[in-house]
file upload_9.pdb (PDB, C-alpha atoms, pLDDT in the B column)
MODEL        1
ATOM      1  CA  MET E   1     102.102 101.836 110.429  1.00 74.00           C
ATOM      2  CA  LYS E   2     102.343 105.243 108.777  1.00 86.00           C
ATOM      3  CA  ALA E   3     101.607 104.634 105.111  1.00 96.00           C
ATOM      4  CA  VAL E   4      99.654 102.483 102.687  1.00 98.00           C
ATOM      5  CA  VAL E   5     101.389 101.962  99.331  1.00 98.00           C
ATOM      6  CA  PHE E   6      99.131 101.041  96.415  1.00 98.00           C
ATOM      7  CA  ASP E   7      99.696  99.212  93.192  1.00 98.00           C
ATOM      8  CA  ILE E   8      97.389 100.802  90.603  1.00 98.00           C
ATOM      9  CA  GLY E   9      96.555  98.439  87.727  1.00 97.00           C
ATOM     10  CA  ASN E  10      93.735  96.048  88.670  1.00 98.00           C
ATOM     11  CA  VAL E  11      93.767  97.419  92.220  1.00 98.00           C
ATOM     12  CA  LEU E  12      92.511 100.961  91.570  1.00 98.00           C
ATOM     13  CA  ILE E  13      92.074 101.007  87.781  1.00 98.00           C
ATOM     14  CA  ARG E  14      90.927  98.106  85.622  1.00 98.00           C
ATOM     15  CA  TRP E  15      93.465  97.253  82.914  1.00 98.00           C
ATOM     16  CA  ASP E  16      92.447  95.139  79.923  1.00 97.00           C
ATOM     17  CA  PRO E  17      94.961  95.311  77.039  1.00 97.00           C
ATOM     18  CA  TYR E  18      92.538  93.414  74.803  1.00 97.00           C
ATOM     19  CA  LEU E  19      90.545  96.629  74.475  1.00 97.00           C
ATOM     20  CA  ALA E  20      93.349  98.251  72.456  1.00 97.00           C
ATOM     21  CA  TRP E  21      92.710  95.877  69.557  1.00 97.00           C
ATOM     22  CA  LEU E  22      89.231  94.429  70.062  1.00 96.00           C
ATOM     23  CA  ASP E  23      87.545  96.732  67.518  1.00 94.00           C
ATOM     24  CA  ASP E  24      90.400  96.165  65.079  1.00 93.00           C
ATOM     25  CA  LEU E  25      90.525  92.369  65.317  1.00 95.00           C
ATOM     26  CA  GLY E  26      86.868  91.655  66.080  1.00 94.00           C
ATOM     27  CA  SER E  27      87.019  89.113  68.907  1.00 97.00           C
ATOM     28  CA  ARG E  28      88.894  88.348  72.092  1.00 97.00           C
ATOM     29  CA  SER E  29      90.149  85.097  70.571  1.00 98.00           C
ATOM     30  CA  ALA E  30      91.688  87.004  67.649  1.00 97.00           C
ATOM     31  CA  VAL E  31      93.312  89.433  70.074  1.00 98.00           C
ATOM     32  CA  THR E  32      94.621  86.479  72.098  1.00 98.00           C
ATOM     33  CA  GLU E  33      96.292  85.130  68.956  1.00 97.00           C
ATOM     34  CA  PHE E  34      97.913  88.521  68.323  1.00 97.00           C
ATOM     35  CA  LEU E  35      99.058  88.966  71.923  1.00 98.00           C
ATOM     36  CA  THR E  36     100.549  85.479  71.949  1.00 98.00           C
ATOM     37  CA  ARG E  37     102.259  85.931  68.580  1.00 97.00           C
ATOM     38  CA  VAL E  38     103.976  89.169  69.607  1.00 98.00           C
ATOM     39  CA  ALA E  39     104.705  87.992  73.194  1.00 98.00           C
ATOM     40  CA  PHE E  40     102.811  91.059  74.357  1.00 98.00           C
ATOM     41  CA  PHE E  41     102.993  90.511  78.101  1.00 97.00           C
ATOM     42  CA  ASP E  42     106.763  89.975  78.022  1.00 98.00           C
ATOM     43  CA  ARG E  43     107.244  93.051  75.854  1.00 98.00           C
ATOM     44  CA  ASN E  44     104.831  95.079  77.956  1.00 98.00           C
ATOM     45  CA  LEU E  45     106.891  94.286  81.050  1.00 97.00           C
ATOM     46  CA  ARG E  46     109.992  95.489  79.213  1.00 98.00           C
ATOM     47  CA  ALA E  47     108.116  98.715  78.457  1.00 98.00           C
ATOM     48  CA  ASP E  48     107.259  98.958  82.150  1.00 98.00           C
ATOM     49  CA  GLY E  49     111.011  98.742  82.713  1.00 98.00           C
ATOM     50  CA  GLY E  50     111.718 101.723  80.463  1.00 97.00           C
ATOM     51  CA  GLU E  51     111.806 100.505  76.830  1.00 98.00           C
ATOM     52  CA  THR E  52     109.608 102.131  74.173  1.00 97.00           C
ATOM     53  CA  PHE E  53     106.830 100.382  72.299  1.00 97.00           C
ATOM     54  CA  ALA E  54     108.297 101.595  68.995  1.00 96.00           C
ATOM     55  CA  ASP E  55     111.567  99.808  69.759  1.00 97.00           C
ATOM     56  CA  LEU E  56     109.732  96.709  70.954  1.00 98.00           C
ATOM     57  CA  ALA E  57     107.573  96.655  67.817  1.00 97.00           C
ATOM     58  CA  ALA E  58     110.634  97.018  65.600  1.00 97.00           C
ATOM     59  CA  GLU E  59     111.812  93.613  66.826  1.00 97.00           C
ATOM     60  CA  LEU E  60     108.844  91.894  65.166  1.00 97.00           C
ATOM     61  CA  ASP E  61     109.142  90.327  61.707  1.00 95.00           C
ATOM     62  CA  ASN E  62     105.578  90.939  60.544  1.00 96.00           C
ATOM     63  CA  ALA E  63     104.873  94.517  59.386  1.00 97.00           C
ATOM     64  CA  GLU E  64     101.204  94.377  60.399  1.00 96.00           C
ATOM     65  CA  ASP E  65     102.121  93.152  63.885  1.00 97.00           C
ATOM     66  CA  GLN E  66     104.667  95.963  64.108  1.00 97.00           C
ATOM     67  CA  ARG E  67     101.996  98.507  63.194  1.00 97.00           C
ATOM     68  CA  ARG E  68      99.512  97.137  65.704  1.00 97.00           C
ATOM     69  CA  LEU E  69     101.970  97.013  68.605  1.00 97.00           C
ATOM     70  CA  SER E  70     103.269 100.503  67.793  1.00 95.00           C
ATOM     71  CA  ALA E  71      99.683 101.779  68.004  1.00 96.00           C
ATOM     72  CA  TYR E  72      99.330 100.624  71.613  1.00 97.00           C
ATOM     73  CA  VAL E  73     100.324 103.946  73.185  1.00 97.00           C
ATOM     74  CA  GLU E  74      97.776 105.961  71.180  1.00 96.00           C
ATOM     75  CA  ARG E  75      95.088 103.389  71.996  1.00 97.00           C
ATOM     76  CA  TYR E  76      96.072 102.987  75.620  1.00 98.00           C
ATOM     77  CA  ALA E  77      93.221 105.003  77.159  1.00 97.00           C
ATOM     78  CA  ALA E  78      90.777 102.347  75.941  1.00 97.00           C
ATOM     79  CA  THR E  79      92.576  99.706  78.059  1.00 98.00           C
ATOM     80  CA  VAL E  80      91.937 101.502  81.372  1.00 98.00           C
ATOM     81  CA  PRO E  81      88.174 102.042  81.060  1.00 96.00           C
ATOM     82  CA  ASP E  82      87.081 102.395  84.660  1.00 96.00           C
ATOM     83  CA  LYS E  83      87.961 102.692  88.319  1.00 98.00           C
ATOM     84  CA  ILE E  84      87.586  99.954  90.907  1.00 98.00           C
ATOM     85  CA  GLU E  85      85.301 102.077  93.035  1.00 97.00           C
ATOM     86  CA  GLY E  86      85.473  99.984  96.214  1.00 98.00           C
ATOM     87  CA  THR E  87      89.241 100.394  96.421  1.00 98.00           C
ATOM     88  CA  TRP E  88      89.043 104.133  95.836  1.00 98.00           C
ATOM     89  CA  HIS E  89      86.527 104.400  98.677  1.00 98.00           C
ATOM     90  CA  LEU E  90      89.011 102.692 101.000  1.00 98.00           C
ATOM     91  CA  LEU E  91      91.863 104.905  99.786  1.00 98.00           C
ATOM     92  CA  TYR E  92      89.908 108.029 100.675  1.00 98.00           C
ATOM     93  CA  GLN E  93      88.951 106.554 104.049  1.00 97.00           C
ATOM     94  CA  LEU E  94      92.638 106.014 104.765  1.00 97.00           C
ATOM     95  CA  LYS E  95      93.428 109.627 103.824  1.00 96.00           C
ATOM     96  CA  GLU E  96      90.609 110.887 106.042  1.00 96.00           C
ATOM     97  CA  ARG E  97      92.209 109.013 108.948  1.00 95.00           C
ATOM     98  CA  GLY E  98      95.504 110.749 108.325  1.00 94.00           C
ATOM     99  CA  ARG E  99      97.308 107.843 106.680  1.00 96.00           C
ATOM    100  CA  GLN E 100      99.933 108.619 104.078  1.00 97.00           C
ATOM    101  CA  VAL E 101      98.947 107.156 100.713  1.00 98.00           C
ATOM    102  CA  HIS E 102     101.609 106.392  98.095  1.00 98.00           C
ATOM    103  CA  ALA E 103     101.883 104.305  94.915  1.00 98.00           C
ATOM    104  CA  ILE E 104     104.399 102.024  93.234  1.00 98.00           C
ATOM    105  CA  THR E 105     103.272 100.942  89.784  1.00 98.00           C
ATOM    106  CA  ASN E 106     104.762  98.859  87.002  1.00 98.00           C
ATOM    107  CA  TRP E 107     103.677 101.189  84.201  1.00 98.00           C
ATOM    108  CA  SER E 108     105.345 102.361  81.018  1.00 98.00           C
ATOM    109  CA  ALA E 109     106.701 105.913  80.965  1.00 98.00           C
ATOM    110  CA  GLU E 110     104.892 106.329  77.616  1.00 98.00           C
ATOM    111  CA  THR E 111     101.476 105.143  78.770  1.00 98.00           C
ATOM    112  CA  TRP E 112     101.496 106.634  82.284  1.00 98.00           C
ATOM    113  CA  PRO E 113     100.580 110.153  81.055  1.00 98.00           C
ATOM    114  CA  VAL E 114      97.752 108.616  79.004  1.00 97.00           C
ATOM    115  CA  GLY E 115      96.479 106.796  82.086  1.00 97.00           C
ATOM    116  CA  VAL E 116      96.590 109.993  84.143  1.00 98.00           C
ATOM    117  CA  GLY E 117      94.768 111.797  81.332  1.00 97.00           C
ATOM    118  CA  ALA E 118      92.025 109.169  81.475  1.00 97.00           C
ATOM    119  CA  HIS E 119      91.903 109.174  85.294  1.00 98.00           C
ATOM    120  CA  PRO E 120      93.229 112.544  86.553  1.00 97.00           C
ATOM    121  CA  GLU E 121      92.934 111.501  90.209  1.00 97.00           C
ATOM    122  CA  LEU E 122      95.998 109.295  89.662  1.00 98.00           C
ATOM    123  CA  GLY E 123      98.064 112.441  89.321  1.00 96.00           C
ATOM    124  CA  GLU E 124      96.589 114.043  92.444  1.00 97.00           C
ATOM    125  CA  VAL E 125      95.754 111.505  95.142  1.00 98.00           C
ATOM    126  CA  PHE E 126      99.164 110.088  96.120  1.00 98.00           C
ATOM    127  CA  ASP E 127     101.784 111.751  98.276  1.00 97.00           C
ATOM    128  CA  VAL E 128     104.576 109.978  96.345  1.00 98.00           C
ATOM    129  CA  THR E 129     104.188 107.991  93.116  1.00 98.00           C
ATOM    130  CA  VAL E 130     106.952 105.757  91.777  1.00 98.00           C
ATOM    131  CA  VAL E 131     106.410 104.738  88.124  1.00 98.00           C
ATOM    132  CA  SER E 132     108.617 101.868  87.010  1.00 98.00           C
ATOM    133  CA  GLY E 133     109.080 103.046  83.429  1.00 98.00           C
ATOM    134  CA  GLN E 134     110.334 106.430  84.630  1.00 98.00           C
ATOM    135  CA  GLU E 135     112.687 104.821  87.146  1.00 98.00           C
ATOM    136  CA  LYS E 136     113.800 101.937  84.891  1.00 97.00           C
ATOM    137  CA  LEU E 137     113.130  99.619  87.812  1.00 97.00           C
ATOM    138  CA  LEU E 138     110.424  96.975  88.148  1.00 98.00           C
ATOM    139  CA  LYS E 139     108.521  95.423  91.002  1.00 98.00           C
ATOM    140  CA  PRO E 140     109.494  93.125  92.672  1.00 97.00           C
ATOM    141  CA  GLN E 141     113.082  94.478  92.549  1.00 98.00           C
ATOM    142  CA  PRO E 142     114.041  95.647  96.057  1.00 98.00           C
ATOM    143  CA  GLU E 143     115.346  98.954  94.720  1.00 98.00           C
ATOM    144  CA  ILE E 144     111.913 100.185  93.641  1.00 98.00           C
ATOM    145  CA  PHE E 145     110.499  99.712  97.152  1.00 98.00           C
ATOM    146  CA  HIS E 146     113.518 101.453  98.674  1.00 98.00           C
ATOM    147  CA  ARG E 147     113.141 104.340  96.224  1.00 98.00           C
ATOM    148  CA  LEU E 148     109.582 104.927  97.423  1.00 98.00           C
ATOM    149  CA  CYS E 149     110.751 104.916 101.025  1.00 98.00           C
ATOM    150  CA  GLU E 150     113.576 107.370 100.300  1.00 98.00           C
ATOM    151  CA  ARG E 151     111.226 109.822  98.572  1.00 97.00           C
ATOM    152  CA  ALA E 152     108.518 109.507 101.214  1.00 97.00           C
ATOM    153  CA  GLY E 153     110.917 109.706 104.168  1.00 97.00           C
ATOM    154  CA  LEU E 154     109.844 106.280 105.428  1.00 97.00           C
ATOM    155  CA  THR E 155     111.348 102.952 106.351  1.00 98.00           C
ATOM    156  CA  PRO E 156     109.921  99.738 104.882  1.00 98.00           C
ATOM    157  CA  GLN E 157     108.559  98.924 108.346  1.00 97.00           C
ATOM    158  CA  ASP E 158     106.428 102.087 108.134  1.00 97.00           C
ATOM    159  CA  CYS E 159     104.598 100.752 105.059  1.00 97.00           C
ATOM    160  CA  ILE E 160     101.874  98.343 104.116  1.00 98.00           C
ATOM    161  CA  PHE E 161     101.871  97.499 100.409  1.00 98.00           C
ATOM    162  CA  VAL E 162      98.931  96.195  98.367  1.00 98.00           C
ATOM    163  CA  ASP E 163      99.252  94.553  94.941  1.00 98.00           C
ATOM    164  CA  ASP E 164      97.244  92.063  92.873  1.00 98.00           C
ATOM    165  CA  THR E 165     100.430  90.217  91.788  1.00 97.00           C
ATOM    166  CA  LEU E 166     101.697  87.826  94.420  1.00 98.00           C
ATOM    167  CA  LYS E 167     105.374  88.053  93.458  1.00 98.00           C
ATOM    168  CA  ASN E 168     105.228  91.830  94.033  1.00 98.00           C
ATOM    169  CA  VAL E 169     103.637  91.261  97.444  1.00 98.00           C
ATOM    170  CA  GLU E 170     106.442  88.830  98.262  1.00 98.00           C
ATOM    171  CA  GLY E 171     108.998  91.374  97.031  1.00 98.00           C
ATOM    172  CA  ALA E 172     107.604  94.008  99.372  1.00 98.00           C
ATOM    173  CA  ARG E 173     107.719  91.593 102.291  1.00 98.00           C
ATOM    174  CA  ALA E 174     111.320  90.725 101.440  1.00 98.00           C
ATOM    175  CA  VAL E 175     112.395  94.338 102.005  1.00 98.00           C
ATOM    176  CA  GLY E 176     110.523  94.553 105.321  1.00 98.00           C
ATOM    177  CA  MET E 177     107.120  95.930 104.373  1.00 98.00           C
ATOM    178  CA  ASP E 178     103.856  94.429 105.524  1.00 97.00           C
ATOM    179  CA  ALA E 179     101.874  93.504 102.397  1.00 98.00           C
ATOM    180  CA  ILE E 180      98.398  92.464 101.273  1.00 98.00           C
ATOM    181  CA  HIS E 181      97.653  90.396  98.179  1.00 98.00           C
ATOM    182  CA  PHE E 182      94.705  92.208  96.566  1.00 98.00           C
ATOM    183  CA  THR E 183      91.797  90.094  95.357  1.00 98.00           C
ATOM    184  CA  THR E 184      88.673  92.210  95.975  1.00 98.00           C
ATOM    185  CA  PRO E 185      87.927  95.530  97.680  1.00 98.00           C
ATOM    186  CA  GLN E 186      85.985  93.612 100.337  1.00 98.00           C
ATOM    187  CA  ALA E 187      88.935  91.372 101.202  1.00 98.00           C
ATOM    188  CA  PHE E 188      91.244  94.404 101.183  1.00 98.00           C
ATOM    189  CA  GLU E 189      88.921  96.218 103.599  1.00 98.00           C
ATOM    190  CA  ALA E 190      88.989  93.207 105.938  1.00 98.00           C
ATOM    191  CA  ALA E 191      92.798  93.136 105.829  1.00 97.00           C
ATOM    192  CA  LEU E 192      92.973  96.851 106.646  1.00 97.00           C
ATOM    193  CA  ASN E 193      90.546  96.413 109.528  1.00 96.00           C
ATOM    194  CA  GLU E 194      92.669  93.553 110.908  1.00 95.00           C
ATOM    195  CA  ARG E 195      95.524  96.045 111.060  1.00 95.00           C
ATOM    196  CA  ASP E 196      93.349  98.778 112.670  1.00 94.00           C
ATOM    197  CA  LEU E 197      93.987 101.111 109.748  1.00 94.00           C
ATOM    198  CA  LEU E 198      90.359 102.067 109.091  1.00 90.00           C
TER     199      LEU E 198
ENDMDL
END

call {"tool": "encode", "arguments": {"input": "upload_9.pdb", "output": "structure tokens"}}
result
Amino acid sequence: MKAVVFDIGNVLIRWDPYLAWLDDLGSRSAVTEFLTRVAFFDRNLRADGGETFADLAAELDNAEDQRRLSAYVERYAATVPDKIEGTWHLLYQLKERGRQVHAITNWSAETWPVGVGAHPELGEVFDVTVVSGQEKLLKPQPEIFHRLCERAGLTPQDCIFVDDTLKNVEGARAVGMDAIHFTTPQAFEAALNERDLL
């Protein structure tokens, strides 16, 4: 095993989209109503696949909902408030042991620079980073895993992939990668130790 390939959101960086509108709407229940009304998670995935939030907002009938969704990019930094420190500790342990460390993330091309601005290490720590919105590919499509391998000079069998979304873990396994379903840093550490990577 030559490389560990990380998902980022909710593995290395906490992501809570509610925080973009919590001050505006006043409660998590009010934000839930908004997110449900605008089908936020479906539209967010489309943004991760390369569409813009302005175009996605323009599809909405309600002008206020359009305005709020369009504001997501400028408010994005609030949604990624902190690092998951235990996972970062493991990442740096892997690097110290000479492991290649890469990333494949479902992340909008518009919000990725905002995320890197909030957490500059994201732009520095990985040997290769594949951002879905820039590639117009999404996990768990096989092509996004193969693109990482091509850029890193690896085969899928050289990689172990970690993601908090089970269907992405299954997608990685389908192309020949070993994969870990992330739940906590402690469980991730145990899985790495089982593979003699730490």

call {"tool": "resolve_selection", "arguments": {"input": "upload_9.pdb", "expression": "the PyMOL selection byres ((chain E and resi 145-147) around 8)", "output": "list in words"}}
result
Ile104, Val130, Lys139, Gln141, Pro142, Glu143, Ile144, Leu148, Cys149, Glu150, Arg151, Pro156, Ala172 and Val175 of chain E

call {"tool": "resolve_selection", "arguments": {"input": "upload_9.pdb", "expression": "the PyMOL selection byres ((chain E and resi 32) around 12)", "output": "list in words"}}
result
Asp16, Pro17, Tyr18, Leu19, Ala20, Trp21, Leu22, Leu25, Gly26, Ser27, Arg28, Ser29, Ala30, Val31, Glu33, Phe34, Leu35, Thr36, Arg37, Val38, Ala39, Phe40 and Phe41 of chain E

call {"tool": "residues_near_point", "arguments": {"input": "upload_9.pdb", "point": "(99.3, 95.5, 93.7)", "cutoff": "8 Å", "atoms": "all atoms listed in the file", "output": "PDB file with C-alpha atoms, in the frame of the given file"}}
result
ATOM      1  CA  PHE E   6      99.131 101.041  96.415  1.00 98.00           C
ATOM      2  CA  ASP E   7      99.696  99.212  93.192  1.00 98.00           C
ATOM      3  CA  ILE E   8      97.389 100.802  90.603  1.00 98.00           C
ATOM      4  CA  GLY E   9      96.555  98.439  87.727  1.00 97.00           C
ATOM      5  CA  ASN E  10      93.735  96.048  88.670  1.00 98.00           C
ATOM      6  CA  VAL E  11      93.767  97.419  92.220  1.00 98.00           C
ATOM      7  CA  THR E 105     103.272 100.942  89.784  1.00 98.00           C
ATOM      8  CA  PHE E 161     101.871  97.499 100.409  1.00 98.00           C
ATOM      9  CA  VAL E 162      98.931  96.195  98.367  1.00 98.00           C
ATOM     10  CA  ASP E 163      99.252  94.553  94.941  1.00 98.00           C
ATOM     11  CA  ASP E 164      97.244  92.063  92.873  1.00 98.00           C
ATOM     12  CA  THR E 165     100.430  90.217  91.788  1.00 97.00           C
ATOM     13  CA  ASN E 168     105.228  91.830  94.033  1.00 98.00           C
ATOM     14  CA  VAL E 169     103.637  91.261  97.444  1.00 98.00           C
ATOM     15  CA  HIS E 181      97.653  90.396  98.179  1.00 98.00           C
ATOM     16  CA  PHE E 182      94.705  92.208  96.566  1.00 98.00           C
TER      17      PHE E 182
END

call {"tool": "residues_around", "arguments": {"input": "upload_9.pdb", "residues": "Leu60 in chain E", "least_positions_apart": "2", "cutoff": "12 Å", "atoms": "only C-alpha atoms", "output": "MDAnalysis selection string"}}
result
chainID E and resid 34 37:40 43 53:58 62:70

call {"tool": "atom_distance", "arguments": {"input": "upload_9.pdb", "atom1": "CA of Gly86 in chain E", "atom2": "CA of Glu121 in chain E"}}
result
15.0 Å

call {"tool": "atom_distance", "arguments": {"input": "upload_9.pdb", "atom1": "CA of Ile13 in chain E", "atom2": "CA of Glu194 in chain E"}}
result
24.3 Å

call {"tool": "resolve_selection", "arguments": {"input": "upload_9.pdb", "expression": "the PyMOL selection byres ((chain E and resi 95) around 12)", "output": "NGL selection string"}}
result
:E and (2-5 or 88-94 or 96-102 or 125-127 or 197-198)

call {"tool": "residues_around", "arguments": {"input": "upload_9.pdb", "residues": "Glu124 in chain E", "least_positions_apart": "4", "cutoff": "12 Å", "atoms": "only C-alpha atoms", "output": "ChimeraX atom specification"}}
result
/E:101-103,116-117,119-120,128-129

call {"tool": "atom_distance", "arguments": {"input": "upload_9.pdb", "atom1": "CA of Ala109 in chain E", "atom2": "CA of Pro140 in chain E"}}
result
17.6 Å

call {"tool": "closest_residue", "arguments": {"input": "upload_9.pdb", "among": "E:Asn106, E:Thr184, E:Gln134, E:Thr111", "to": "Ile84 in chain E", "atoms": "all atoms listed in the file"}}
result
E:Thr184

call {"tool": "axis_aligned_box", "arguments": {"input": "upload_9.pdb", "around": "range 46-65 of chain E", "padding_each_side": "6 Å", "output": "AutoDock Vina command-line options"}}
result
--center_x 106.5 --center_y 96.2 --center_z 71.0 --size_x 22.6 --size_y 23.8 --size_z 35.3

call {"tool": "closest_residue", "arguments": {"input": "upload_9.pdb", "among": "E:Asp196, E:Glu85, E:Glu110, E:Glu189", "to": "Ala47 in chain E", "atoms": "all atoms listed in the file"}}
result
E:Glu110

call {"tool": "decode", "arguments": {"input": "upload_9.pdb", "residues": "range 182-196 of chain E", "atoms": "N, CA, C and O atoms", "output": "tab-separated table (two decimals), in the first residue's frame"}}
result
chain	number	residue	atom	x	y	z
E	182	PHE	N	-15.29	6.04	7.24
E	182	PHE	CA	-14.91	6.88	8.37
E	182	PHE	C	-16.10	7.10	9.29
E	182	PHE	O	-17.18	7.51	8.85
E	183	THR	N	-15.88	6.87	10.58
E	183	THR	CA	-16.88	7.20	11.60
E	183	THR	C	-16.27	8.13	12.64
E	183	THR	O	-16.83	9.19	12.94
E	184	THR	N	-15.12	7.75	13.19
E	184	THR	CA	-14.41	8.59	14.17
E	184	THR	C	-12.91	8.47	13.90
E	184	THR	O	-12.45	7.48	13.32
E	185	PRO	N	-12.11	9.45	14.36
E	185	PRO	CA	-10.67	9.32	14.23
E	185	PRO	C	-10.14	8.06	14.92
E	185	PRO	O	-9.21	7.42	14.42
E	186	GLN	N	-10.75	7.69	16.04
E	186	GLN	CA	-10.27	6.51	16.78
E	186	GLN	C	-10.47	5.23	15.97
E	186	GLN	O	-9.58	4.37	15.90
E	187	ALA	N	-11.64	5.10	15.35
E	187	ALA	CA	-11.91	3.92	14.52
E	187	ALA	C	-11.02	3.92	13.27
E	187	ALA	O	-10.55	2.86	12.83
E	188	PHE	N	-10.77	5.11	12.72
E	188	PHE	CA	-9.88	5.22	11.56
E	188	PHE	C	-8.47	4.80	11.94
E	188	PHE	O	-7.81	4.05	11.20
E	189	GLU	N	-8.00	5.24	13.10
E	189	GLU	CA	-6.67	4.84	13.57
E	189	GLU	C	-6.57	3.33	13.70
E	189	GLU	O	-5.57	2.71	13.29
E	190	ALA	N	-7.60	2.70	14.25
E	190	ALA	CA	-7.60	1.24	14.40
E	190	ALA	C	-7.53	0.56	13.04
E	190	ALA	O	-6.80	-0.42	12.86
E	191	ALA	N	-8.27	1.10	12.06
E	191	ALA	CA	-8.26	0.50	10.72
E	191	ALA	C	-6.90	0.65	10.05
E	191	ALA	O	-6.43	-0.26	9.36
E	192	LEU	N	-6.24	1.78	10.28
E	192	LEU	CA	-4.89	1.97	9.73
E	192	LEU	C	-3.89	1.03	10.39
E	192	LEU	O	-3.01	0.47	9.73
E	193	ASN	N	-4.02	0.86	11.70
E	193	ASN	CA	-3.13	-0.05	12.41
E	193	ASN	C	-3.32	-1.50	11.94
E	193	ASN	O	-2.35	-2.24	11.83
E	194	GLU	N	-4.56	-1.89	11.67
E	194	GLU	CA	-4.82	-3.24	11.14
E	194	GLU	C	-4.08	-3.49	9.84
E	194	GLU	O	-3.71	-4.61	9.53
E	195	ARG	N	-3.86	-2.40	9.09
E	195	ARG	CA	-3.19	-2.50	7.80
E	195	ARG	C	-1.70	-2.18	7.90
E	195	ARG	O	-1.02	-2.05	6.88
E	196	ASP	N	-1.18	-2.03	9.13
E	196	ASP	CA	0.23	-1.74	9.38
E	196	ASP	C	0.70	-0.47	8.66
E	196	ASP	O	1.82	-0.40	8.15
